[in-house]
>>> print(open('coords-v5.txt').read())   # compact mmCIF, C-alpha atoms and all ligand atoms
# COMPACT_ATOMS: atom_id res chain seq x y z
CA MET U 261 7.29 11.01 24.99
CA SER U 262 7.31 7.31 24.05
CA ASN U 263 4.39 5.76 22.17
CA THR U 264 3.53 3.70 25.25
CA ALA U 265 3.33 6.86 27.39
CA ILE U 266 1.19 8.64 24.77
CA LYS U 267 -1.14 5.62 24.59
CA GLU U 268 -1.57 5.66 28.38
CA GLN U 269 -2.39 9.37 28.30
CA ILE U 270 -4.88 8.82 25.45
CA GLN U 271 -6.64 6.10 27.47
CA GLU U 272 -6.75 8.39 30.51
CA LEU U 273 -8.19 11.29 28.49
CA LYS U 274 -10.78 8.94 26.98
CA ARG U 275 -11.86 7.96 30.50
CA THR U 276 -12.35 11.56 31.62
CA LEU U 277 -13.75 13.17 28.45
CA ASN U 278 -17.13 12.29 26.96
CA VAL U 279 -15.59 11.35 23.62
CA SER U 280 -15.60 8.49 21.11
CA ILE U 281 -12.76 7.72 18.72
CA VAL U 282 -13.31 6.00 15.37
CA ALA U 283 -10.68 4.90 12.85
CA HIS U 284 -10.75 3.70 9.25
CA TYR U 285 -9.05 0.41 8.38
CA TYR U 286 -6.28 2.29 6.54
CA GLN U 287 -5.07 4.09 9.68
CA LYS U 288 -1.69 3.24 11.18
CA ASP U 289 -1.84 0.43 13.75
CA ASP U 290 -1.00 2.54 16.80
CA VAL U 291 -3.80 5.00 15.96
CA PHE U 292 -6.18 2.18 14.96
CA GLU U 293 -5.70 0.45 18.33
CA MET U 294 -6.96 3.52 20.21
CA ALA U 295 -10.37 3.53 18.48
CA ASP U 296 -13.71 2.58 20.05
CA PHE U 297 -14.98 1.56 16.63
CA THR U 298 -13.26 0.69 13.37
CA GLY U 299 -14.73 -0.02 9.95
CA ASP U 300 -15.18 0.89 6.30
CA SER U 301 -16.57 4.26 5.17
CA LEU U 302 -20.20 3.21 5.44
CA GLN U 303 -19.90 1.47 8.82
CA LEU U 304 -17.99 4.42 10.32
CA ALA U 305 -20.54 6.99 9.14
CA GLN U 306 -23.44 4.90 10.48
CA TRP U 307 -21.83 4.11 13.83
CA ALA U 308 -20.54 7.63 14.51
CA ALA U 309 -23.81 9.34 13.55
CA GLN U 310 -25.82 7.29 16.08
CA ASP U 311 -23.19 7.37 18.87
CA THR U 312 -24.53 9.35 21.85
CA LYS U 313 -21.27 10.99 23.00
CA PRO U 314 -21.12 14.76 22.28
CA TYR U 315 -17.54 14.65 20.94
CA LEU U 316 -16.22 12.47 18.16
CA ILE U 317 -12.63 12.16 17.00
CA PHE U 318 -12.44 10.75 13.47
CA CYS U 319 -9.12 9.21 12.40
CA GLY U 320 -9.42 9.04 8.63
CA VAL U 321 -9.65 11.50 5.76
CA GLY U 322 -11.62 14.75 5.53
CA PHE U 323 -14.77 13.54 3.75
CA MET U 324 -15.28 10.89 6.45
CA GLY U 325 -15.37 13.42 9.30
CA GLN U 326 -17.59 15.67 7.17
CA SER U 327 -20.07 12.82 6.61
CA VAL U 328 -20.59 12.45 10.37
CA LYS U 329 -21.05 16.23 10.80
CA ILE U 330 -23.58 16.22 7.94
CA LEU U 331 -25.61 13.46 9.58
CA ALA U 332 -25.22 14.55 13.23
CA PRO U 333 -24.75 18.36 13.30
CA GLU U 334 -25.19 18.57 17.09
CA LYS U 335 -22.00 16.55 17.56
CA ARG U 336 -18.59 18.26 17.75
CA VAL U 337 -16.48 16.34 15.22
CA LEU U 338 -12.70 16.74 15.33
CA MET U 339 -10.01 15.19 13.17
CA PRO U 340 -6.38 14.77 14.31
CA LYS U 341 -5.48 15.67 10.69
CA ILE U 342 -7.99 17.04 8.17
CA ALA U 343 -6.19 15.20 5.38
CA CYS U 344 -8.08 15.32 2.10
CA CYS U 345 -8.43 12.05 0.15
CA ALA U 346 -6.59 12.66 -3.14
CA MET U 347 -9.51 11.29 -5.15
CA ALA U 348 -12.05 13.50 -3.36
CA ARG U 349 -9.82 16.47 -4.22
CA MET U 350 -10.17 15.67 -7.95
CA ILE U 351 -13.69 17.09 -8.05
CA ASP U 352 -15.28 20.30 -6.77
CA VAL U 353 -18.53 22.06 -7.70
CA GLY U 354 -16.77 23.93 -10.54
CA TYR U 355 -15.51 20.69 -12.12
CA PHE U 356 -18.91 19.10 -11.59
CA ASP U 357 -20.63 21.95 -13.42
CA ALA U 358 -18.01 21.81 -16.20
CA THR U 359 -18.82 18.10 -16.61
CA LEU U 360 -22.51 18.95 -16.94
CA GLN U 361 -21.58 21.45 -19.67
CA THR U 362 -19.50 18.83 -21.54
CA LEU U 363 -22.49 16.50 -21.41
CA ARG U 364 -24.84 19.28 -22.60
CA ASP U 365 -22.48 19.83 -25.54
CA ALA U 366 -22.73 16.10 -26.27
CA GLY U 367 -26.54 16.39 -26.34
CA ILE U 368 -27.23 15.09 -22.81
CA ALA U 369 -29.25 17.51 -20.67
CA PRO U 370 -28.87 17.67 -16.86
CA GLU U 371 -32.57 16.65 -16.54
CA ASP U 372 -31.66 13.34 -18.20
CA LEU U 373 -29.01 12.56 -15.59
CA MET U 374 -29.20 10.90 -12.17
CA PRO U 375 -26.02 12.04 -10.36
CA ILE U 376 -24.42 9.67 -7.88
CA THR U 377 -21.33 10.61 -5.89
CA TYR U 378 -19.02 8.16 -4.20
CA ILE U 379 -18.79 9.12 -0.51
CA ASN U 380 -15.15 10.09 -1.27
CA SER U 381 -16.16 13.66 -2.21
CA SER U 382 -16.53 16.99 -0.43
CA ALA U 383 -19.68 18.13 1.38
CA GLU U 384 -20.13 20.80 -1.35
CA VAL U 385 -20.20 18.18 -4.13
CA LYS U 386 -22.63 16.04 -2.11
CA ALA U 387 -24.84 19.11 -1.60
CA ARG U 388 -24.82 19.95 -5.31
CA ILE U 389 -25.84 16.37 -6.09
CA GLY U 390 -28.49 16.35 -3.36
CA LYS U 391 -30.06 19.47 -4.89
CA MET U 392 -30.14 17.74 -8.29
CA GLY U 393 -32.07 14.77 -6.86
CA GLY U 394 -28.98 12.55 -6.65
CA MET U 395 -27.50 10.19 -4.07
CA VAL U 396 -24.30 9.17 -2.32
CA CYS U 397 -22.88 5.62 -2.43
CA THR U 398 -19.95 3.81 -0.86
CA SER U 399 -17.84 0.97 -2.24
CA SER U 400 -20.01 -1.53 -0.34
CA ASN U 401 -23.36 -0.42 -1.76
CA ALA U 402 -22.55 1.19 -5.15
CA LYS U 403 -24.36 -1.56 -7.08
CA ALA U 404 -27.59 -1.15 -5.08
CA ILE U 405 -27.47 2.65 -5.42
CA ILE U 406 -26.83 2.53 -9.19
CA THR U 407 -29.66 0.00 -9.55
CA LYS U 408 -31.96 2.40 -7.67
CA GLY U 409 -30.74 5.36 -9.74
CA LEU U 410 -31.54 3.57 -12.99
CA GLU U 411 -35.19 3.25 -11.92
CA SER U 412 -35.48 6.96 -12.78
CA GLY U 413 -35.01 6.00 -16.45
CA LYS U 414 -32.07 8.45 -16.62
CA LYS U 415 -28.38 7.95 -17.33
CA ILE U 416 -26.18 7.76 -14.24
CA LEU U 417 -23.54 10.47 -13.84
CA PHE U 418 -21.04 8.83 -11.49
CA VAL U 419 -18.39 10.96 -9.71
CA PRO U 420 -15.51 11.07 -8.89
CA ASP U 421 -14.13 7.49 -9.18
CA LYS U 422 -14.24 6.25 -12.77
CA CYS U 423 -12.99 2.80 -11.73
CA LEU U 424 -15.79 2.17 -9.25
CA GLY U 425 -18.33 3.37 -11.85
CA GLN U 426 -16.80 1.21 -14.60
CA ASN U 427 -16.51 -1.86 -12.36
CA ILE U 428 -20.14 -1.76 -11.22
CA ALA U 429 -21.40 -1.00 -14.74
CA LYS U 430 -19.49 -4.00 -16.08
CA GLU U 431 -20.83 -6.26 -13.33
CA MET U 432 -24.38 -5.15 -14.22
CA GLY U 433 -23.90 -5.50 -18.00
CA LEU U 434 -24.21 -1.73 -18.52
CA VAL U 435 -22.23 0.53 -20.87
CA ALA U 436 -19.89 2.94 -19.05
CA LYS U 437 -18.06 5.86 -20.70
CA VAL U 438 -15.57 8.26 -19.12
CA VAL U 439 -16.45 11.90 -19.81
CA GLY U 440 -13.55 13.68 -21.51
CA LEU U 441 -11.79 10.43 -22.44
CA GLU U 442 -14.34 8.61 -24.58
CA THR U 443 -16.68 9.47 -27.43
CA ASP U 444 -20.31 8.50 -28.15
CA LEU U 445 -21.35 9.46 -24.62
CA LYS U 446 -25.01 9.13 -25.61
CA SER U 447 -24.63 5.35 -25.85
CA ALA U 448 -23.64 5.08 -22.16
CA ASP U 449 -25.83 4.03 -19.25
CA VAL U 450 -23.21 5.21 -16.76
CA LEU U 451 -21.18 8.35 -17.43
CA CYS U 452 -18.08 8.38 -15.25
CA TYR U 453 -16.12 11.42 -14.12
CA ASN U 454 -12.39 11.03 -14.82
CA GLY U 455 -11.23 10.69 -11.19
CA PHE U 456 -9.30 7.85 -9.58
CA CYS U 457 -7.42 6.70 -6.49
CA SER U 458 -3.66 6.86 -7.05
CA VAL U 459 -3.08 4.17 -4.40
CA HIS U 460 -5.35 1.58 -6.06
CA GLN U 461 -3.96 2.46 -9.52
CA LEU U 462 -0.70 0.83 -8.37
CA PHE U 463 -2.12 -2.66 -8.96
CA ASP U 464 -1.72 -4.00 -12.47
CA VAL U 465 -2.73 -7.05 -14.47
CA GLU U 466 0.97 -8.03 -14.51
CA ASP U 467 0.93 -8.21 -10.68
CA VAL U 468 -2.01 -10.63 -10.81
CA HIS U 469 -0.25 -12.79 -13.43
CA PHE U 470 2.96 -12.72 -11.37
CA PHE U 471 1.22 -13.94 -8.20
CA ARG U 472 -0.77 -16.62 -10.02
CA ALA U 473 2.41 -17.96 -11.68
CA LYS U 474 4.47 -17.89 -8.49
CA TYR U 475 1.81 -19.16 -6.05
CA PRO U 476 -0.55 -21.60 -7.83
CA GLY U 477 -4.01 -21.52 -6.25
CA ILE U 478 -3.54 -18.03 -4.79
CA LYS U 479 -6.67 -15.88 -4.33
CA ILE U 480 -6.57 -12.33 -5.68
CA VAL U 481 -8.62 -9.86 -3.62
CA THR U 482 -9.05 -6.24 -4.74
CA HIS U 483 -10.92 -3.06 -3.89
CA PRO U 484 -13.33 -1.72 -6.58
CA GLU U 485 -11.18 1.43 -6.85
CA CYS U 486 -8.69 -0.79 -8.75
CA LYS U 487 -8.68 -0.71 -12.56
CA PRO U 488 -11.47 -2.69 -14.27
CA GLU U 489 -8.96 -5.00 -15.97
CA VAL U 490 -7.54 -5.91 -12.54
CA CYS U 491 -10.95 -6.40 -10.90
CA ASP U 492 -12.06 -8.53 -13.87
CA ILE U 493 -9.42 -11.17 -13.10
CA SER U 494 -9.68 -10.99 -9.29
CA ASP U 495 -11.28 -13.77 -7.25
CA PHE U 496 -13.04 -11.26 -5.00
CA VAL U 497 -13.73 -7.51 -5.24
CA GLY U 498 -15.17 -5.59 -2.30
CA SER U 499 -15.01 -2.73 0.18
CA THR U 500 -12.42 -2.82 2.95
CA ALA U 501 -14.86 -4.54 5.34
CA GLN U 502 -15.98 -6.99 2.65
CA MET U 503 -12.37 -7.91 1.79
CA ILE U 504 -11.58 -8.53 5.47
CA ALA U 505 -14.67 -10.76 5.86
CA TYR U 506 -13.75 -12.72 2.70
CA ILE U 507 -10.14 -13.27 3.81
CA ASN U 508 -11.12 -14.19 7.38
CA ALA U 509 -13.42 -16.91 6.02
CA LEU U 510 -10.58 -18.55 4.04
CA PRO U 511 -8.49 -21.43 5.49
CA LYS U 512 -5.46 -20.01 7.34
CA ASP U 513 -3.03 -21.66 4.87
CA GLN U 514 -4.73 -20.14 1.80
CA SER U 515 -2.39 -17.69 0.07
CA VAL U 516 -3.99 -14.35 -0.85
CA ALA U 517 -2.66 -11.29 -2.67
CA VAL U 518 -4.54 -8.16 -1.63
CA GLY U 519 -4.83 -5.02 -3.75
CA THR U 520 -5.48 -2.28 -1.22
CA GLU U 521 -3.81 0.07 1.26
CA TYR U 522 -0.75 -1.26 3.05
CA ASN U 523 -1.78 -0.69 6.70
CA LEU U 524 -4.79 -2.95 6.19
CA VAL U 525 -2.70 -5.58 4.36
CA GLN U 526 -0.11 -5.60 7.16
CA ARG U 527 -2.85 -6.02 9.79
CA LEU U 528 -4.27 -8.98 7.88
CA ARG U 529 -0.81 -10.53 7.74
CA LYS U 530 -0.75 -10.83 11.54
CA GLU U 531 -3.54 -13.43 11.34
CA HIS U 532 -2.91 -14.80 7.85
CA THR U 533 0.76 -15.44 7.14
CA TYR U 534 0.06 -15.98 3.46
CA VAL U 535 -1.38 -12.53 2.74
CA LEU U 536 0.79 -10.78 0.18
CA SER U 537 1.02 -7.37 -1.43
CA SER U 538 2.80 -6.51 -4.66
CA THR U 539 4.16 -3.10 -3.64
CA LYS U 540 3.98 -0.90 -0.55
CA PRO U 541 0.75 0.91 -1.45
CA GLU U 542 0.49 3.58 1.24
CA CYS U 543 -2.27 6.19 1.18
CA PRO U 544 -0.36 9.40 1.98
CA THR U 545 -3.37 11.19 3.44
CA MET U 546 -4.57 8.29 5.59
CA ASN U 547 -1.01 8.01 6.92
CA GLU U 548 -0.85 11.66 7.97
CA THR U 549 -2.61 10.96 11.28
CA SER U 550 -0.19 10.07 14.08
CA LEU U 551 -0.61 9.00 17.68
CA ALA U 552 0.74 12.41 18.76
CA ASP U 553 -1.94 14.16 16.65
CA LEU U 554 -4.65 12.07 18.30
CA HIS U 555 -3.27 12.96 21.72
CA GLU U 556 -3.20 16.69 20.81
CA THR U 557 -6.82 16.50 19.62
CA LEU U 558 -7.95 14.98 22.91
CA LEU U 559 -6.06 17.68 24.83
CA SER U 560 -7.81 20.33 22.73
CA ILE U 561 -11.19 18.99 23.93
CA LYS U 562 -9.94 19.09 27.52
CA ASN U 563 -8.73 22.70 27.06
CA ASN U 564 -11.84 23.80 25.14
CA THR U 565 -9.79 24.86 22.12
CA PHE U 566 -11.26 22.19 19.77
CA ALA U 567 -8.48 21.75 17.23
CA ASN U 568 -9.40 20.79 13.65
CA GLU U 569 -13.12 20.86 14.28
CA ILE U 570 -15.33 20.14 11.25
CA ILE U 571 -17.60 23.12 10.58
CA LEU U 572 -19.95 23.22 7.59
CA PRO U 573 -22.22 25.99 6.28
CA GLU U 574 -25.82 24.99 7.15
CA GLU U 575 -27.04 25.20 3.53
CA THR U 576 -24.27 22.84 2.38
CA ARG U 577 -24.85 20.47 5.27
CA LYS U 578 -28.62 20.37 4.67
CA TRP U 579 -28.36 19.39 0.98
CA ALA U 580 -25.44 17.01 1.52
CA LYS U 581 -27.61 15.29 4.14
CA VAL U 582 -30.40 14.88 1.59
CA ALA U 583 -27.97 13.02 -0.74
CA LEU U 584 -26.59 10.88 2.11
CA GLU U 585 -30.03 10.04 3.49
CA ARG U 586 -31.23 8.85 0.09
CA MET U 587 -28.47 6.24 0.40
CA PHE U 588 -29.37 5.31 3.98
CA ASN U 589 -33.07 5.06 3.12
CA LEU U 590 -32.24 2.26 0.73
P1 LIG W 1 -14.10 1.69 2.01
O1 LIG W 1 -15.45 2.31 1.92
O2 LIG W 1 -14.03 0.37 1.34
O3 LIG W 1 -13.64 1.68 3.42
O4 LIG W 1 -13.09 2.57 1.14
C1 LIG W 1 -12.67 3.83 1.47
C2 LIG W 1 -11.52 4.22 0.68
O5 LIG W 1 -11.12 5.35 0.68
C3 LIG W 1 -10.84 3.20 -0.11
O6 LIG W 1 -9.73 3.73 -0.73
FE1 LIG W 2 -8.64 8.38 -1.00
FE2 LIG W 2 -7.35 6.42 -2.29
FE3 LIG W 2 -6.56 7.16 0.13
FE4 LIG W 2 -8.88 5.83 -0.20
S1 LIG W 2 -6.80 5.06 -0.58
S2 LIG W 2 -8.54 7.63 1.11
S3 LIG W 2 -9.56 6.71 -2.16
S4 LIG W 2 -6.51 8.43 -1.74
>>> encode(input="coords-v5.txt", output="structure tokens", more="lines below")
Ligand code: 13P
Ligand code: SF4
Amino acid sequence: MSNTAIKEQIQELKRTLNVSIVAHYYQKDDVFEMADFTGDSLQLAQWAAQDTKPYLIFCGVGFMGQSVKILAPEKRVLMPKIACCAMARMIDVGYFDATLQTLRDAGIAPEDLMPITYINSSAEVKARIGKMGGMVCTSSNAKAIITKGLESGKKILFVPDKCLGQNIAKEMGLVAKVVGLETDLKSADVLCYNGFCSVHQLFDVEDVHFFRAKYPGIKIVTHPECKPEVCDISDFVGSTAQMIAYINALPKDQSVAVGTEYNLVQRLRKEHTYVLSSTKPECPTMNETSLADLHETLLSIKNNTFANEIILPEETRKWAKVALERMFNL
């Protein structure tokens, strides 16, 4: 079947089924165009959790669909592909507990830690952190959540993205140390788990220098999952939604080099001819979802087979919700 025919069938199924479709900015264009709502991680979780339709199809990566199920358990959440974000896969409860042990060995007790997990983590990790009195953050609110966490008088244990932890710590004038990579952990305000996003690691200081030399006056815009040395010399650092807002507010002839996933960069290029990217930074897991998968998922609702439905153990969901709600309450 052609893409046009699949799109027509998707629209028809949407009309007859009581379902909403949401898509992250990194989704492929043809999937993205089918969504009722698009946004960054925080916006998608908020919108989908308050949506009144009983079925939700989430086009994104696994932790995003899980976040909606955690917040709105009565909803049937399906994902065309339950693709796991490679960074989220870098930590599980076992690794989290091993990190606590490393810190204990360095003389830092769990009671002296305020754990904060980036939303890019599994429901189990969020639950573990919720039980410990910790919180979730996203790239758009990490600074506010770390500020709140520091009010406890404890050190922040930030998982799993070391770059986001390091970038926010630097912005706030705090000392960050990566557990397992650095010594003198006791001197740190923010202890970062050694996880990272392989897509955002593709951007280097040399790329920034290259663009600045070749296009004088160019703006460099990056996501806070990029390395600290890259963010340090960027003109703007922000979540996907924040980068889009920044670029849309620039004059149309302003050249911009963007350090983030390629589907989003390509979409920006349709409006802003001067948007550039140094490589072809594709997120493999975000790109797993196809139009055909979305169509199949809708058919599974019609046929009552509910393909790729997100199901969570109640105990996990309950504690993960505690950690997520601490973020929303702020
Ligand atoms: P945003 O919260 O900025 O949408 O980021 C999600 C993500 O996975 C970035 O790589
Ligand atoms: Fe995960 Fe990186 Fe892909 Fe974002 S871009 S979903 S952090 S692997």
>>> residues_around(input="coords-v5.txt", residues="Phe456 of chain U", least_positions_apart="3", cutoff="8 Å", atoms="only C-alpha atoms", output="ChimeraX atom specification")
/U:347,420-423,461,485
>>> closest_residue(input="coords-v5.txt", among="U:Glu574, U:Glu556, U:Glu334, U:Glu268", to="Ala387 of chain U", atoms="only C-alpha atoms")
U:Glu574
>>> closest_residue(input="coords-v5.txt", among="U:Leu445, U:Ala283, U:Met587, U:Ala552", to="ligand LIG 1 (chain W)", atoms="only C-alpha atoms and all ligand atoms")
U:Ala283
>>> atom_distance(input="coords-v5.txt", atom1="atom CA of Arg586 of chain U", atom2="atom CA of Ser400 of chain U")
15.3 Å
>>> residues_around(input="coords-v5.txt", residues="Lys530 of chain U", least_positions_apart="5", cutoff="12 Å", atoms="all atoms listed in the file", output="number ranges by chain")
U: 289, 508, 512, 523-525, 535-536
>>> write_last_selection(input="coords-v5.txt", atoms="C-alpha atoms", output="short mmCIF file (atom, residue, chain, number, x, y, z; two decimals), in the coordinates of the input")
data_model
loop_
_atom_site.label_atom_id
_atom_site.label_comp_id
_atom_site.auth_asym_id
_atom_site.auth_seq_id
_atom_site.Cartn_x
_atom_site.Cartn_y
_atom_site.Cartn_z
CA ASP U 289 -1.84 0.43 13.75
CA ASN U 508 -11.12 -14.19 7.38
CA LYS U 512 -5.46 -20.01 7.34
CA ASN U 523 -1.78 -0.69 6.70
CA LEU U 524 -4.79 -2.95 6.19
CA VAL U 525 -2.70 -5.58 4.36
CA VAL U 535 -1.38 -12.53 2.74
CA LEU U 536 0.79 -10.78 0.18
#
